[in-house]
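Enquirer: Below is run-v6.cif; it holds mmCIF, C-alpha atoms.
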```cif
data_work
#
loop_
_atom_site.label_atom_id
_atom_site.label_comp_id
_atom_site.auth_asym_id
_atom_site.auth_seq_id
_atom_site.Cartn_x
_atom_site.Cartn_y
_atom_site.Cartn_z
CA MET A 1 15.03 22.02 7.92
CA SER A 2 15.78 22.44 11.62
CA ASP A 3 18.80 20.72 13.09
CA GLU A 4 16.62 19.18 15.79
CA VAL A 5 14.38 17.38 13.30
CA ALA A 6 17.29 16.14 11.19
CA LYS A 7 19.08 14.93 14.32
CA ALA A 8 16.01 13.06 15.58
CA VAL A 9 15.60 11.22 12.28
CA GLU A 10 19.30 10.36 12.09
CA GLU A 11 19.26 9.03 15.65
CA CYS A 12 16.40 6.70 14.72
CA ALA A 13 18.27 5.55 11.63
CA ARG A 14 21.44 4.83 13.59
CA ALA A 15 19.52 2.93 16.25
CA ALA A 16 17.82 0.82 13.57
CA LYS A 17 21.14 0.08 11.90
CA ARG A 18 22.65 -1.04 15.22
CA ALA A 19 19.74 -3.41 15.77
CA ALA A 20 19.54 -4.69 12.19
CA PRO A 21 22.01 -7.59 12.61
CA SER A 22 19.88 -9.06 15.41
CA LEU A 23 16.87 -9.24 13.11
CA ALA A 24 18.84 -10.35 10.05
CA ALA A 25 20.29 -13.32 11.93
CA ALA A 26 17.05 -14.34 13.65
CA PRO A 27 15.84 -17.87 12.84
CA ASP A 28 12.49 -18.35 11.15
CA GLU A 29 10.92 -19.49 14.41
CA ALA A 30 11.92 -16.29 16.20
CA VAL A 31 10.60 -14.06 13.43
CA ASP A 32 7.28 -15.86 13.28
CA GLY A 33 7.12 -15.93 17.07
CA ALA A 34 7.54 -12.16 17.17
CA LEU A 35 4.69 -11.70 14.69
CA SER A 36 2.43 -14.04 16.64
CA ALA A 37 3.30 -12.14 19.82
CA MET A 38 2.36 -8.88 18.12
CA ALA A 39 -1.07 -10.32 17.36
CA GLU A 40 -1.57 -11.42 20.95
CA ARG A 41 -0.34 -8.14 22.42
CA LEU A 42 -2.57 -6.17 20.03
CA LEU A 43 -5.64 -8.06 21.25
CA ASP A 44 -4.62 -7.99 24.91
CA GLY A 45 -3.89 -4.27 24.77
CA ARG A 46 -6.80 -3.33 22.53
CA GLU A 47 -8.25 -0.76 24.95
CA ALA A 48 -4.95 1.09 25.26
CA VAL A 49 -4.57 1.17 21.48
CA LEU A 50 -8.17 2.25 20.91
CA ASP A 51 -7.88 4.95 23.57
CA ALA A 52 -4.80 6.42 21.88
CA ASN A 53 -6.54 6.28 18.54
CA ARG A 54 -9.68 7.95 19.85
CA ALA A 55 -7.54 10.83 21.10
CA ASP A 56 -5.97 11.17 17.63
CA VAL A 57 -9.38 11.09 15.94
CA GLU A 58 -10.94 13.64 18.30
CA ARG A 59 -8.04 16.03 17.80
CA ALA A 60 -8.15 15.61 14.01
CA ARG A 61 -11.93 16.13 13.92
CA ALA A 62 -11.58 19.33 15.95
CA GLU A 63 -8.96 20.53 13.46
CA GLY A 64 -11.38 19.98 10.55
CA MET A 65 -10.12 16.75 9.00
CA SER A 66 -12.42 15.45 6.24
CA ALA A 67 -14.65 12.40 6.70
CA GLY A 68 -12.59 10.26 4.33
CA LEU A 69 -9.32 11.03 6.09
CA LEU A 70 -10.96 10.48 9.47
CA ASP A 71 -12.01 7.05 8.24
CA ARG A 72 -8.38 6.27 7.37
CA LEU A 73 -7.25 7.48 10.78
CA THR A 74 -9.77 5.46 12.77
CA ILE A 75 -9.03 2.05 14.28
CA THR A 76 -12.34 0.41 15.12
CA GLY A 77 -12.62 -2.70 17.23
CA GLU A 78 -13.33 -4.69 14.07
CA ARG A 79 -10.30 -3.24 12.29
CA LEU A 80 -8.08 -3.99 15.27
CA THR A 81 -9.21 -7.61 15.23
CA GLY A 82 -8.48 -7.70 11.50
CA MET A 83 -4.98 -6.32 12.11
CA ALA A 84 -4.32 -9.15 14.57
CA GLU A 85 -5.61 -11.74 12.13
CA GLN A 86 -3.32 -10.39 9.43
CA LEU A 87 -0.36 -10.68 11.80
CA ARG A 88 -1.24 -14.30 12.51
CA LEU A 89 -1.53 -15.08 8.82
CA LEU A 90 1.82 -13.42 8.15
CA ALA A 91 3.42 -15.44 10.94
CA GLY A 92 2.25 -18.59 9.20
CA ALA A 93 3.30 -17.51 5.71
CA PRO A 94 6.32 -19.31 4.23
CA HIS A 95 9.71 -17.65 4.35
CA PRO A 96 11.40 -17.03 0.99
CA GLN A 97 14.16 -19.49 0.18
CA ARG A 98 17.39 -17.81 1.24
CA ALA A 99 19.63 -19.65 -1.24
CA ILE A 100 18.49 -20.76 -4.70
CA PRO A 101 20.76 -23.03 -6.79
CA LEU A 102 21.02 -21.66 -10.32
CA SER A 103 23.59 -23.61 -12.33
CA THR A 104 26.94 -25.34 -12.44
CA LEU A 105 30.00 -23.56 -13.83
CA ASP A 106 33.23 -24.73 -15.37
CA GLY A 107 35.98 -25.79 -13.01
CA GLY A 108 33.80 -27.71 -10.56
CA LEU A 109 31.92 -24.65 -9.37
CA ARG A 110 28.24 -23.88 -8.86
CA LEU A 111 26.21 -20.67 -8.85
CA VAL A 112 23.74 -19.84 -6.09
CA GLU A 113 21.47 -16.83 -5.75
CA ARG A 114 21.33 -15.67 -2.15
CA ARG A 115 18.57 -13.41 -0.84
CA ARG A 116 19.69 -10.89 1.75
CA PRO A 117 17.80 -8.20 3.65
CA VAL A 118 18.40 -4.61 2.59
CA GLY A 119 19.42 -3.71 6.14
CA VAL A 120 17.34 -0.68 7.13
CA ILE A 121 14.26 0.40 5.19
CA GLY A 122 12.43 3.65 5.83
CA ALA A 123 8.71 4.25 5.44
CA ASN A 124 6.80 7.51 5.24
CA TYR A 125 3.01 7.39 5.43
CA GLU A 126 0.18 9.65 6.46
CA ALA A 127 -2.75 9.38 8.84
CA ARG A 128 -3.22 5.60 8.75
CA PRO A 129 -2.11 4.01 12.03
CA ASN A 130 -2.80 0.47 10.78
CA VAL A 131 0.02 1.01 8.29
CA THR A 132 2.40 1.14 11.26
CA VAL A 133 1.63 -2.52 11.92
CA ASP A 134 1.45 -3.45 8.23
CA VAL A 135 4.88 -2.04 7.42
CA ALA A 136 6.59 -3.08 10.64
CA SER A 137 5.37 -6.66 10.27
CA GLN A 138 6.53 -6.84 6.65
CA LEU A 139 9.96 -5.54 7.64
CA VAL A 140 10.25 -8.05 10.46
CA LYS A 141 9.20 -10.95 8.21
CA SER A 142 11.81 -9.91 5.63
CA ARG A 143 14.41 -9.37 8.40
CA ASN A 144 14.86 -5.68 7.65
CA ALA A 145 15.12 -3.06 10.36
CA GLY A 146 12.96 0.01 9.81
CA VAL A 147 12.52 3.70 10.46
CA LEU A 148 8.84 4.68 10.32
CA ARG A 149 7.60 8.23 9.95
CA THR A 150 3.89 8.98 10.07
CA GLY A 151 1.87 12.17 9.86
CA SER A 152 1.18 14.13 13.03
CA ALA A 153 -2.48 13.07 13.11
CA ALA A 154 -1.62 9.39 13.64
CA LEU A 155 1.53 9.75 15.74
CA GLY A 156 -0.16 9.01 19.05
CA SER A 157 -1.69 5.79 17.77
CA ALA A 158 1.55 4.74 16.09
CA GLN A 159 3.59 5.37 19.23
CA ARG A 160 1.17 3.30 21.32
CA LEU A 161 1.37 0.46 18.78
CA LEU A 162 5.17 0.55 18.88
CA ASP A 163 5.40 0.72 22.67
CA THR A 164 2.75 -1.87 23.56
CA VAL A 165 2.72 -4.22 20.57
CA ILE A 166 5.74 -4.15 18.25
CA ALA A 167 8.74 -3.51 20.51
CA PRO A 168 7.80 -5.89 23.34
CA ALA A 169 6.92 -8.64 20.86
CA LEU A 170 10.38 -8.37 19.31
CA ALA A 171 11.91 -8.51 22.76
CA ASP A 172 9.80 -11.59 23.57
CA ALA A 173 11.44 -13.31 20.58
CA ARG A 174 14.94 -12.18 21.70
CA ILE A 175 15.24 -9.83 18.75
CA ASP A 176 16.61 -6.35 19.41
CA ALA A 177 13.49 -4.20 19.84
CA GLY A 178 15.37 -1.24 18.39
CA ALA A 179 15.02 -2.80 14.95
CA ILE A 180 11.77 -0.88 14.42
CA GLN A 181 12.04 2.85 15.08
CA LEU A 182 9.31 5.51 14.95
CA VAL A 183 10.35 9.10 14.29
CA PRO A 184 8.95 11.04 17.29
CA ARG A 185 8.59 14.38 15.48
CA VAL A 186 5.38 15.88 14.09
CA GLU A 187 7.07 18.22 11.59
CA ARG A 188 6.58 17.43 7.90
CA GLU A 189 10.26 18.09 7.30
CA ALA A 190 11.04 14.84 9.09
CA ALA A 191 9.96 13.06 5.91
CA ALA A 192 12.55 14.94 3.87
CA ALA A 193 15.20 14.12 6.46
CA LEU A 194 14.40 10.42 6.13
CA VAL A 195 15.26 10.34 2.40
CA ARG A 196 18.65 12.04 2.87
CA LEU A 197 20.52 9.21 4.62
CA PRO A 198 21.75 6.79 1.93
CA GLU A 199 24.39 5.20 4.15
CA LEU A 200 21.88 4.46 6.89
CA VAL A 201 18.52 4.07 5.09
CA PRO A 202 19.19 3.16 1.43
CA LEU A 203 15.54 2.40 0.60
CA VAL A 204 12.39 4.28 1.66
CA ILE A 205 8.78 3.25 1.09
CA LEU A 206 6.66 6.30 0.30
CA ARG A 207 2.91 6.35 0.77
CA GLY A 208 0.63 9.36 0.70
CA SER A 209 -0.79 12.03 -1.56
CA GLY A 210 0.60 12.17 -5.06
CA ASP A 211 2.30 15.57 -4.92
CA SER A 212 4.02 15.04 -1.58
CA THR A 213 5.19 11.54 -2.48
CA ARG A 214 6.55 12.64 -5.85
CA SER A 215 8.37 15.51 -4.16
CA LEU A 216 9.95 13.13 -1.65
CA ALA A 217 10.94 10.69 -4.40
CA THR A 218 12.70 13.53 -6.23
CA GLU A 219 14.46 14.57 -3.03
CA ALA A 220 15.51 10.99 -2.38
CA ALA A 221 16.97 10.61 -5.87
CA THR A 222 19.19 13.66 -5.37
CA HIS A 223 20.66 11.99 -2.27
CA GLY A 224 21.11 8.52 -3.76
CA VAL A 225 18.23 6.94 -1.85
CA ARG A 226 15.99 4.48 -3.70
CA THR A 227 12.24 4.57 -3.18
CA LEU A 228 9.20 2.36 -3.58
CA ALA A 229 6.52 4.96 -4.07
CA HIS A 230 2.75 4.69 -3.81
CA ALA A 231 1.83 8.16 -4.98
CA ASP A 232 -1.41 8.07 -6.93
CA GLY A 233 -4.49 5.92 -7.06
CA GLY A 234 -8.02 5.77 -8.35
CA GLY A 235 -9.75 2.72 -9.81
CA VAL A 236 -11.29 2.76 -13.29
CA LEU A 237 -14.33 0.76 -14.41
CA TYR A 238 -15.24 0.42 -18.07
CA VAL A 239 -18.82 -0.72 -18.69
CA ASP A 240 -18.83 -2.59 -22.00
CA GLU A 241 -21.80 -2.87 -24.34
CA SER A 242 -22.30 -6.50 -23.30
CA ALA A 243 -22.22 -5.78 -19.56
CA ASP A 244 -24.83 -7.31 -17.29
CA ALA A 245 -26.80 -4.65 -15.40
CA GLU A 246 -26.73 -6.45 -12.05
CA VAL A 247 -23.00 -7.10 -12.33
CA VAL A 248 -22.46 -3.39 -12.98
CA ARG A 249 -24.61 -2.48 -9.98
CA SER A 250 -22.59 -4.82 -7.76
CA LEU A 251 -19.25 -3.52 -9.05
CA VAL A 252 -20.19 0.09 -8.40
CA THR A 253 -21.47 -0.48 -4.86
CA ASN A 254 -18.63 -2.83 -3.88
CA SER A 255 -16.03 -0.39 -5.22
CA LEU A 256 -17.31 2.45 -3.04
CA ASP A 257 -17.52 0.82 0.39
CA ARG A 258 -14.70 3.16 1.52
CA LEU A 259 -14.00 6.51 -0.11
CA GLY A 260 -10.64 7.45 1.39
CA VAL A 261 -8.67 4.57 -0.14
CA CYS A 262 -6.63 4.49 -3.33
CA ASN A 263 -8.30 1.50 -4.99
CA ARG A 264 -11.89 2.74 -4.80
CA LEU A 265 -13.88 3.51 -7.95
CA ASN A 266 -12.74 6.89 -9.22
CA LEU A 267 -13.57 6.94 -12.94
CA LEU A 268 -16.52 5.25 -14.62
CA LEU A 269 -16.40 4.89 -18.42
CA ILE A 270 -19.63 3.74 -20.06
CA HIS A 271 -20.00 2.49 -23.63
CA SER A 272 -22.21 5.03 -25.38
CA ALA A 273 -24.38 2.26 -26.87
CA VAL A 274 -25.61 1.20 -23.41
CA HIS A 275 -25.21 4.45 -21.50
CA ASP A 276 -28.89 5.43 -21.46
CA ARG A 277 -30.07 1.90 -20.68
CA LEU A 278 -27.68 1.32 -17.78
CA TRP A 279 -27.55 4.82 -16.33
CA PRO A 280 -30.62 4.34 -14.04
CA VAL A 281 -28.96 1.26 -12.51
CA ILE A 282 -25.62 3.02 -12.11
CA SER A 283 -27.24 6.16 -10.73
CA GLU A 284 -29.11 4.12 -8.11
CA ALA A 285 -25.89 2.35 -7.09
CA LEU A 286 -24.08 5.66 -6.68
CA ALA A 287 -26.95 7.07 -4.65
CA GLU A 288 -26.90 4.00 -2.42
CA ARG A 289 -23.33 4.97 -1.46
CA SER A 290 -24.21 8.70 -1.27
CA VAL A 291 -21.76 9.38 -4.09
CA THR A 292 -22.28 12.18 -6.62
CA PRO A 293 -21.43 11.64 -10.30
CA SER A 294 -19.28 14.26 -12.02
CA LEU A 295 -20.80 14.41 -15.51
CA PRO A 296 -19.59 16.02 -18.77
CA PRO A 297 -18.52 18.67 -19.42
CA HIS A 298 -15.95 18.11 -16.68
CA GLN A 299 -14.23 21.04 -15.03
CA HIS A 300 -11.35 18.84 -13.93
CA ALA A 301 -8.91 16.31 -15.37
CA ILE A 302 -10.78 13.12 -16.18
CA GLY A 303 -8.51 11.07 -13.94
CA TYR A 304 -8.71 13.47 -10.98
CA GLU A 305 -8.38 11.44 -7.77
CA TRP A 306 -11.39 12.21 -5.59
CA ALA A 307 -10.07 10.31 -2.57
CA LEU A 308 -7.55 13.11 -2.07
CA ASP A 309 -10.15 15.88 -2.26
CA SER A 310 -11.30 16.59 1.29
CA GLU A 311 -14.28 18.59 0.07
CA ARG A 312 -15.57 16.32 -2.72
CA GLU A 313 -14.28 12.82 -2.01
CA ALA A 314 -17.81 11.37 -2.37
CA THR A 315 -17.61 11.85 -6.15
CA VAL A 316 -17.02 9.61 -9.17
CA THR A 317 -16.18 10.93 -12.63
CA VAL A 318 -18.50 9.52 -15.31
CA ALA A 319 -17.85 9.71 -19.05
CA PRO A 320 -19.25 7.99 -22.16
CA VAL A 321 -16.77 6.28 -24.50
CA SER A 322 -17.04 4.76 -27.95
CA GLY A 323 -15.63 1.38 -26.95
CA ILE A 324 -12.72 -0.58 -25.53
CA GLU A 325 -10.05 1.24 -27.49
CA GLU A 326 -11.04 4.64 -26.14
CA ALA A 327 -11.53 3.29 -22.62
CA VAL A 328 -8.06 1.72 -22.61
CA ARG A 329 -6.48 4.89 -23.99
CA ILE A 330 -8.05 7.02 -21.26
CA ALA A 331 -7.11 4.55 -18.53
CA ASN A 332 -3.52 4.34 -19.75
CA GLU A 333 -2.93 8.01 -20.50
CA GLN A 334 -5.13 9.97 -18.12
CA THR A 335 -5.13 7.98 -14.88
CA SER A 336 -2.50 6.85 -12.39
CA GLY A 337 -2.27 3.33 -13.79
CA LEU A 338 -3.21 1.77 -10.46
CA ALA A 339 -6.09 -0.45 -11.55
CA ALA A 340 -8.82 -0.75 -14.14
CA GLY A 341 -11.66 -3.20 -14.64
CA ILE A 342 -14.10 -4.15 -17.35
CA ALA A 343 -17.72 -5.14 -16.86
CA THR A 344 -18.65 -7.45 -19.71
CA GLU A 345 -20.10 -10.87 -20.53
CA ASP A 346 -17.93 -11.07 -23.68
CA ALA A 347 -14.68 -12.98 -23.08
CA LYS A 348 -13.06 -11.53 -26.20
CA ALA A 349 -13.82 -8.00 -25.01
CA ALA A 350 -12.28 -8.79 -21.65
CA GLU A 351 -9.18 -10.21 -23.33
CA ALA A 352 -8.82 -7.09 -25.48
CA PHE A 353 -9.10 -4.92 -22.37
CA PHE A 354 -6.50 -7.01 -20.53
CA ASP A 355 -4.11 -6.85 -23.48
CA GLY A 356 -4.53 -3.10 -23.87
CA TYR A 357 -4.37 -1.84 -20.29
CA THR A 358 -0.81 -1.36 -19.01
CA GLY A 359 -1.58 -0.53 -15.37
CA THR A 360 -0.71 -2.48 -12.24
CA GLY A 361 -3.96 -4.40 -11.79
CA VAL A 362 -6.62 -5.39 -14.30
CA PHE A 363 -10.02 -6.90 -13.44
CA TRP A 364 -12.90 -8.61 -15.24
CA ASN A 365 -16.26 -8.37 -13.47
CA ALA A 366 -14.37 -7.77 -10.22
CA PRO A 367 -13.92 -4.55 -8.21
CA THR A 368 -10.59 -2.73 -8.20
CA ARG A 369 -10.82 -2.71 -4.40
CA LEU A 370 -9.24 -6.15 -4.62
CA LEU A 371 -5.89 -4.57 -5.54
CA ASP A 372 -4.60 -4.91 -2.01
CA GLY A 373 -1.88 -7.09 -0.53
CA PHE A 374 -4.12 -8.78 2.00
CA LYS A 375 -7.06 -9.31 -0.33
CA LEU A 376 -4.96 -10.64 -3.22
CA LEU A 377 -2.02 -12.30 -1.48
CA ALA A 378 -3.31 -12.98 2.06
CA VAL A 379 -0.54 -10.90 3.68
CA PRO A 380 -0.35 -7.19 4.53
CA GLU A 381 1.40 -4.86 2.10
CA THR A 382 3.87 -2.05 2.51
CA GLY A 383 2.19 -0.21 -0.37
CA ILE A 384 1.35 -0.58 -4.05
CA ASN A 385 4.18 0.22 -6.43
CA LEU A 386 3.19 1.60 -9.85
CA ASP A 387 6.65 1.78 -11.45
CA LYS A 388 6.91 0.63 -15.06
CA VAL A 389 10.41 -0.78 -14.61
CA PRO A 390 11.66 -4.22 -13.55
CA GLY A 391 11.28 -4.81 -9.85
CA PRO A 392 8.38 -5.21 -7.42
CA ARG A 393 5.13 -3.90 -8.91
CA GLY A 394 1.66 -3.93 -7.46
CA PRO A 395 1.20 -4.80 -3.77
CA VAL A 396 4.69 -4.94 -2.25
CA THR A 397 5.06 -7.58 0.47
CA TYR A 398 7.87 -9.14 2.48
CA THR A 399 8.87 -11.35 -0.46
CA ASP A 400 9.96 -8.23 -2.38
CA LEU A 401 12.10 -6.63 0.33
CA TYR A 402 15.41 -8.31 -0.33
CA ILE A 403 18.48 -7.86 -2.48
CA ARG A 404 20.13 -10.54 -4.58
CA GLN A 405 23.66 -11.73 -4.02
CA TYR A 406 25.39 -14.15 -6.40
CA ALA A 407 27.58 -16.73 -4.74
CA VAL A 408 30.06 -19.00 -6.54
CA LEU A 409 31.31 -21.97 -4.54
CA PRO A 410 32.74 -25.45 -5.02
CA ASP A 411 30.30 -27.99 -6.42
CA ARG A 412 30.41 -30.49 -3.60
CA ASP A 413 27.71 -33.02 -2.82
#
```
Transcribe the structure of this file into structure tokens.

Expert:
Amino acid sequence: MSDEVAKAVEECARAAKRAAPSLAAAPDEAVDGALSAMAERLLDGREAVLDANRADVERARAEGMSAGLLDRLTITGERLTGMAEQLRLLAGAPHPQRAIPLSTLDGGLRLVERRRPVGVIGANYEARPNVTVDVASQLVKSRNAGVLRTGSAALGSAQRLLDTVIAPALADARIDAGAIQLVPRVEREAAAALVRLPELVPLVILRGSGDSTRSLATEAATHGVRTLAHADGGGVLYVDESADAEVVRSLVTNSLDRLGVCNRLNLLLIHSAVHDRLWPVISEALAERSVTPSLPPHQHAIGYEWALDSEREATVTVAPVSGIEEAVRIANEQTSGLAAGIATEDAKAAEAFFDGYTGTGVFWNAPTRLLDGFKLLAVPETGINLDKVPGPRGPVTYTDLYIRQYAVLPDRD
């Protein structure tokens, strides 16, 4: 790693730490005012943001970026309006209770759980400029300063969003605008530098392709930095023998509206008893989305994530199964554990599927595309955490970005 890159990341981290107390001490009204101001500035400066994004997209297209990744990179006018609406909704969302009474103790004392911001949280993400706003807004709402590092393809868009939307909105609310930093380097090694600063950035949110995110998580662990990692994705749909054909058609088409996202349909498991009867319906639904089925015998792992394959992202793996038990086993053991759904009209079958699947999100006659912070919880997310340990799991939002502190004090009315 070059000294210049490491120095640039450390300078951002130190600047964020200096500004963190201003955000941590900000009253609720100031925090929500900053978020509302971000929404207004995003709409007022839409042409400047869209111009910067068009430049990023044109450069990425010329460099051969795949269609799915270009879709992630693109901010359309409609998406920009949606980003502003999400900011407004977040501004109106309730703040977590900062002090929660727990119990009384001997000696005239009482126990209170206090919720405190982490301080500075890092975030590494790839070519998705909207994530700049998603993560920054979540950090502001939770009163955490942040150091954001995005891939080179989206850096122009992210910088424009910081300069014209995020920083001035914080300043409008009399919060130190330095609380949200953007690493100004295009080198990939900047991501590794971000997870090597435990005294400055003790927690880093990791989003991106599975291999790179796992590598960064390993690097972070060696330096004593904790991570919330969103490494792998891919939705699973099991079509049960009692599935309704039109429900299946709807689930397939609605799960493939965007191909470059983690919660799209990736693996389709069909009960062998209804495979031949339902295949024409499923085949038509796939064709409607211009998606090719990968049929047995597969030349790839059954849970292979097509969204990360720039050459074949318009693909869904299809496999027959003997029933719920086999479908659950495959979903648990051969996929990322992000999300799985069952198409069935049998409530007992759905219950068995819910009881058996151990992944982050489970769905009955509903698309896995719903596993998203905004769609499920009406607020943006920083990512989807798949860890199988206590702590935030699933869409991570501002309510998860705090640390607990136990306070013992006199029990006075």

Enquirer: Nearest to Gly33 (chain A): which of A:His230, A:Leu90, A:Pro129, A:Gly361 is it, counting only C-alpha atoms?

Expert: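 Checking each candidate against Gly33 (chain A), we get A:Leu90 as the closest.
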
Enquirer: Give me the residues of region 115-234 of chain A that have any atom at most 8 Å from an atom of region 337-348 of chain A; for each, the nearest atom pair and the distance in Å, rounded to one decimal. Use only C-alpha atoms, sort by chain and number, and format it as JSON lines.

Expert:
```
{"residue": "A:Asp232", "atom": "CA", "partner": "A:Leu338", "partner_atom": "CA", "distance": 7.4}
{"residue": "A:Gly233", "atom": "CA", "partner": "A:Leu338", "partner_atom": "CA", "distance": 5.5}
{"residue": "A:Gly234", "atom": "CA", "partner": "A:Leu338", "partner_atom": "CA", "distance": 6.6}
```

Enquirer: Find the spatial neighbours of region 70-86 of chain A, counting all atoms listed in the file, within a cut-off of 6 Å - ignore same-chain residues fewer than 2 positions away - and output them as a list in words.

Expert: Ala39, Ala67, Gly68, Arg88, Leu89, Ala127 and Arg128 of chain A

Enquirer: When the PyMOL selection byres ((chain A and resi 398) around 9) is applied to the file above, which residues end up in the set, as number ranges by chain?

Expert: A: 95-96, 137-143, 379-382, 396-397, 399-402

Enquirer: Determine the residue membership of the PyMOL selection byres ((chain A and resi 391) around 12) for the file above and supply it as JSON, numbers by chain.

Expert: {"A": [227, 228, 385, 386, 387, 388, 389, 390, 392, 393, 394, 395, 396, 399, 400, 401, 402, 403, 404]}

Enquirer: Given the file shown, determine the residues that the PyMOL selection byres ((chain A and resi 20) around 10) selects; report them as a list in words.

Expert: Arg14, Ala15, Ala16, Lys17, Arg18, Ala19, Pro21, Ser22, Leu23, Ala24, Ala25, Pro117, Val118, Gly119, Val120, Arg143, Asn144, Ala145, Gly146, Ile175, Asp176, Ala177, Gly178, Ala179 and Ile180 of chain A

Enquirer: Mind pulling up the distance from CA of Gly303 (chain A) to CA of Glu333 (chain A)?

Expert: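 We find that CA of Glu333 (chain A) and CA of Gly303 (chain A) lie 9.1 Å from each other.
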
Enquirer: So what do you get for CA of Ile270 (chain A) versus CA of Ala243 (chain A), distance-wise?

Expert: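 Here the two named atoms are 9.9 Å from each other.
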